[in-house]
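Beneath this line is the structure, given in structure tokens, with notes to follow.
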Amino acid sequence: MSVLIFAEAEKRTFKKVGFEVASYGRALADQLNVKLIAVAINTDDVHALAKYGVDHIVQIDTVALENFSAHNYAKALAAVAKNQNAKTVVLSSTANARYLAPLLSVALEASYASNVVALPVSLDPFVVKRSCFTNKAFNHTTLSGAINLIGLASNSYGIHEKTSQPEIVSFSVDVEQDLVQTQSIEKVTGKVSIADADIVVSGGRGLKGPENWHLIEDLATTLGAATACSKPVSDMGWRPHSEHVGQTGKPVASNLYIAIGVSGAIQHLAGINASKVKVVINNDPEAPFFKAADYGVVGDAFKVVPELIEKLKAFKAGAH
Amino acid sequence: MNVLVCISNVPDTTSKINFVENDTQFDTNGVQFIINPNDEFGLTRAIWLQQQQQAEVTVLTVGDASCEAILRKCLAIGAQKAIRIDALPTDGFAVAQEIAAHCKNESYDLIITGRESIDYNGGMVGGILAGLLGMGYVTNCIGLTISGDTASLSREIDGGKENLSAALPLVIGAQKGLVEEDDLIIPNMRGIMQARQKPLTVLPSQNLTPKTTISKFEKPQPKGAVKLIAEDQLDQLIELLHSEAKVI
Ligand SMILES: Cc1cc2nc3c(=O)[nH]c(=O)nc-3n(C[C@H](O)[C@H](O)[C@H](O)COP(=O)(O)OP(=O)(O)OC[C@H]3O[C@@H](n4cnc5c(N)ncnc54)[C@H](O)[C@@H]3O)c2cc1C
């Protein structure tokens, strides 16, 4: 018996979510009193996982898995899970993990719960807490499979260090031709993605037009943040759709979310509510966002944001 | 070309989310139900396939008779046929199994689901369905063209997009981008009248045992009041974010 996690990597380096899933897996394995096994696919430094309490690392390295394929990644993880007699499997909530998880649940005939936000409420029966109604509520879900699969919500558990001395084994998998073939990948380089960002700076219709987006971008650059926008901003073509966040756009679960000229409509808030700390800058003190935010500045974005950028630059220069 | 669009009946995005029966049931009192937004983007793309490539579009939902109103709406938007599988949608696996059982008797070239529903946000049905049927699967789908029996697709990924090709039959998870908001079709009077004559078939449930069950719901803790910072005191905001919130 064991807990199995998939520690995701990009460009052969573990992603932060990989460490969050490992941290969660460690705590869960302790509760269940079993070993924690991590699967690492095409990574250079598997030892990085030793900081998060992994007992055993199954290393898969093959050019055949160089491009992400939901089908083949699910197949590889299923093979390891069976080989290691894993009864609980934990994945993250990245786009790729959410893509492969249902396929993995079929391959393992597992009970699957996505959006899990905490360690189990109970182990027997196995009950987890999940967010639902786009973060407007939670539910307790009982998983009754011989194998249970958990999708851990991003930034819900956090990263917790615990040193271990993992045993590393390599594992080879059969890779078949996926029914779906990747032709090309278009990735914005040199920019933090909304999914990976600790800080997200978001602009709404209050910014009046695309020509003013340097305010959002400069603030984001100063903070090392990703940029996002409200739905109408992307619908009007001021910003690309990939920046649209909210109930019908991308979910945000960052440490800090700064909303500028965004009113805080219920559909917008639903999608960003999993963020830990929310700041709003809006000239209308009645804007609903003030009810959802932790910190707020009532003021004109065109005046407040440039000043905030200057002060942040000074702060960063002084602090580091 | 036969296209199936799987529709989830979900509370309107502005609905008050409350629970009854000791927090074990969603309170539907006063709630208006809509076509799940992600499914509606998919339905619109399917109607284009009907208009441009003679596809036959069937819509399907797993649910009780109360879901028929949104199926009629889908027919008014332009789908030719509707199917309701008479089962309560208890969990994603069961829903996918019900749909898979139906699909095994049909020959759909393309099955469209939403990337997730906005009530349970599971993101499970499309992938499980593809897995059960042994079909290819592309979710977060923001582009689709079909020629002959192959599809070219785009999938939104963290920080970009991926372009893919796949042979039909295929399952996709639709989202905004597959069509735009402005492309959504608002049913007109003629469509609504015609929808009444279109077939809506009710199929029996497979009576499956769900693999997961929800025992109770809870609402988030009420949050504290916002701390307001004067616009000429931005140093204070930076200090709070640094020392109190510890996020910068
Ligand atoms: C089914 C459905 C799904 C939806 N999904 C989403 C979603 O996923 N994401 C989303 O964002 N929306 C979504 N919406 C839309 C949502 O209801 C709102 O219309 C939208 O979020 C409003 O965007 P906004 O805040 O940018 O614009 P507005 O509501 O127009 O707000 C602009 C704000 O800017 C402020 N402002 C103006 N000038 C200044 C200034 N100089 N300085 C500072 N502040 C200023 C104003 O006070 C105002 O509060 C959805 C709607 C529906 C019906």
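Ordering of the structure tokens sets the chain letters (A, B, ...); residue numbers start at 1 within each chain; ligands are numbered from 1 in the order shown.
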
Distance limit 8 Å, reference ligand 1, atoms considered: only C-alpha atoms and all ligand atoms. Which residues make the cut? Give them as an MDAnalysis selection string. (chainID A and resid 203:208 229:233 244:250 260:271 281:289 298:302) or (chainID B and resid 12:14 37)

Would you give me, as CSV, each residue of chain A having an atom within 7 Å of an atom of chain B, along with its shortest atom pair and that distance in Å to one decimal, using only C-alpha atoms and sorting by chain and residue number?
```
residue,atom,partner,partner_atom,distance
A:Ala95,CA,B:Ile157,CA,6.0
A:Tyr99,CA,B:Thr139,CA,6.5
A:Pro102,CA,B:Gly127,CA,5.0
A:Leu103,CA,B:Gly131,CA,5.4
A:Val106,CA,B:Gly131,CA,5.9
A:Ser111,CA,B:Lys211,CA,5.2
A:Ser114,CA,B:Gly122,CA,5.8
A:Cys132,CA,B:Tyr120,CA,4.9
A:Phe133,CA,B:Asp119,CA,4.3
A:Thr134,CA,B:Ile118,CA,6.2
A:Lys136,CA,B:Lys219,CA,6.8
A:Ala137,CA,B:Lys219,CA,4.5
A:Phe138,CA,B:Glu218,CA,5.2
A:Asn139,CA,B:Phe217,CA,4.1
A:His140,CA,B:Lys216,CA,5.4
A:Thr141,CA,B:Ile214,CA,4.4
A:Thr142,CA,B:Thr213,CA,5.2
A:Leu143,CA,B:Thr212,CA,4.8
A:Ser144,CA,B:Lys211,CA,5.8
A:Gly145,CA,B:Lys211,CA,6.3
A:Leu179,CA,B:Gly136,CA,5.0
A:Val180,CA,B:Ala166,CA,4.6
A:Gln181,CA,B:Ser165,CA,5.2
A:Thr182,CA,B:Leu164,CA,4.4
A:Gln183,CA,B:Leu164,CA,5.1
A:Ser184,CA,B:Asn163,CA,5.2
A:Ile185,CA,B:Glu162,CA,4.4
A:Glu186,CA,B:Lys161,CA,5.3
A:Lys187,CA,B:Gly160,CA,4.3
A:Val188,CA,B:Gly160,CA,5.9
A:Ser193,CA,B:Gly159,CA,4.6
A:Ala195,CA,B:Asp158,CA,6.0
A:Asn255,CA,B:Val247,CA,6.4
A:Leu256,CA,B:Val247,CA,6.3
A:Ile266,CA,B:Thr14,CA,6.5
A:Gln267,CA,B:Thr13,CA,6.4
A:Phe290,CA,B:Val226,CA,6.3
A:Lys291,CA,B:Val226,CA,6.6
A:Ala293,CA,B:Val226,CA,5.6
A:Asp294,CA,B:Val226,CA,4.6
A:Tyr295,CA,B:Lys227,CA,4.7
A:Gly296,CA,B:Leu228,CA,4.8
A:Val297,CA,B:Ile229,CA,5.2
A:Val298,CA,B:Glu231,CA,6.6
A:Gly299,CA,B:Glu231,CA,5.9
A:Val304,CA,B:Glu231,CA,6.5
A:Leu308,CA,B:Leu234,CA,6.4
A:Lys311,CA,B:Asp235,CA,6.8
```

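Of the residues in segment 75-186 of chain B, those given helix (DSSP H, G or I) by DSSP on the backbone are B:Leu75, B:Ala76, B:Ile77, B:Gly92, B:Phe93, B:Ala94, B:Val95, B:Ala96, B:Gln97, B:Glu98, B:Ile99, B:Ala100, B:Ala101, B:His102, B:Cys103, B:Val125, B:Gly126, B:Gly127, B:Ile128, B:Leu129, B:Ala130, B:Gly131, B:Leu132, B:Leu133, B:Glu181, B:Asp182, B:Asp183.
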
May I ask which of the residues A:Lys51, A:Lys278, A:Lys313, A:His241 is the closest one to Phe19 of chain A, counting only C-alpha atoms?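 Comparing A:Lys51, A:Lys278, A:Lys313, A:His241 against Phe19 of chain A, the winner is A:Lys51.
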
Can you pull out every residue within 8 Å of segment 70-77 of chain A, counting only C-alpha atoms, but drop anything in the same chain fewer than 4 positions away, and send it as a list of chain:residue names?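 Here the answer would be A:Phe6, A:Val39, A:Leu65, A:Ala81, A:Asn96, A:Tyr99, A:Leu100, A:Ala101, A:Leu103, A:Leu104, A:Ala107, A:Val173, A:Asp174, A:Val175, A:Glu176, A:Asp178.
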
What is the atom CA of Ser205 of chain B-atom CA of Leu88 of chain B distance in Å, reported with one decimal?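 Going from atom CA of Ser205 of chain B over to atom CA of Leu88 of chain B, I get 8.7 Å.
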
Could you work out how far atom CA of Ala118 of chain A lies from atom CA of His47 of chain A, giving the answer in Å with one decimal?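 Pair atom CA of His47 of chain A / atom CA of Ala118 of chain A returns 26.0 Å.
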
Have a look at B:Ile112, B:Ile83, B:Leu208, B:Ala55 and name the one nearest to Cys67 of chain B; count only C-alpha atoms. B:Ile83

Step one, run DSSP on the backbone; step two, keep only residues of segment 63-236 of chain B assigned to strand (DSSP E); then write them as a ChimeraX atom specification. /B:81-86,110-114,136-147,150-157,160-167,170-174,200-204,212-218,227-228

Env of Leu91 of chain A: 7 Å cut, atoms = only C-alpha atoms, seq-sep filter 3 positions within chain, self excluded. Answer as a PyMOL selection string. chain A and resi 5-6+21+97+150-152

All residues 9 Å or closer to Gln80 of chain B, only C-alpha atoms, same chain fewer than 6 positions away omitted, as JSON, numbers by chain: {"B": [56, 57, 58, 59, 74, 195, 198, 199]}
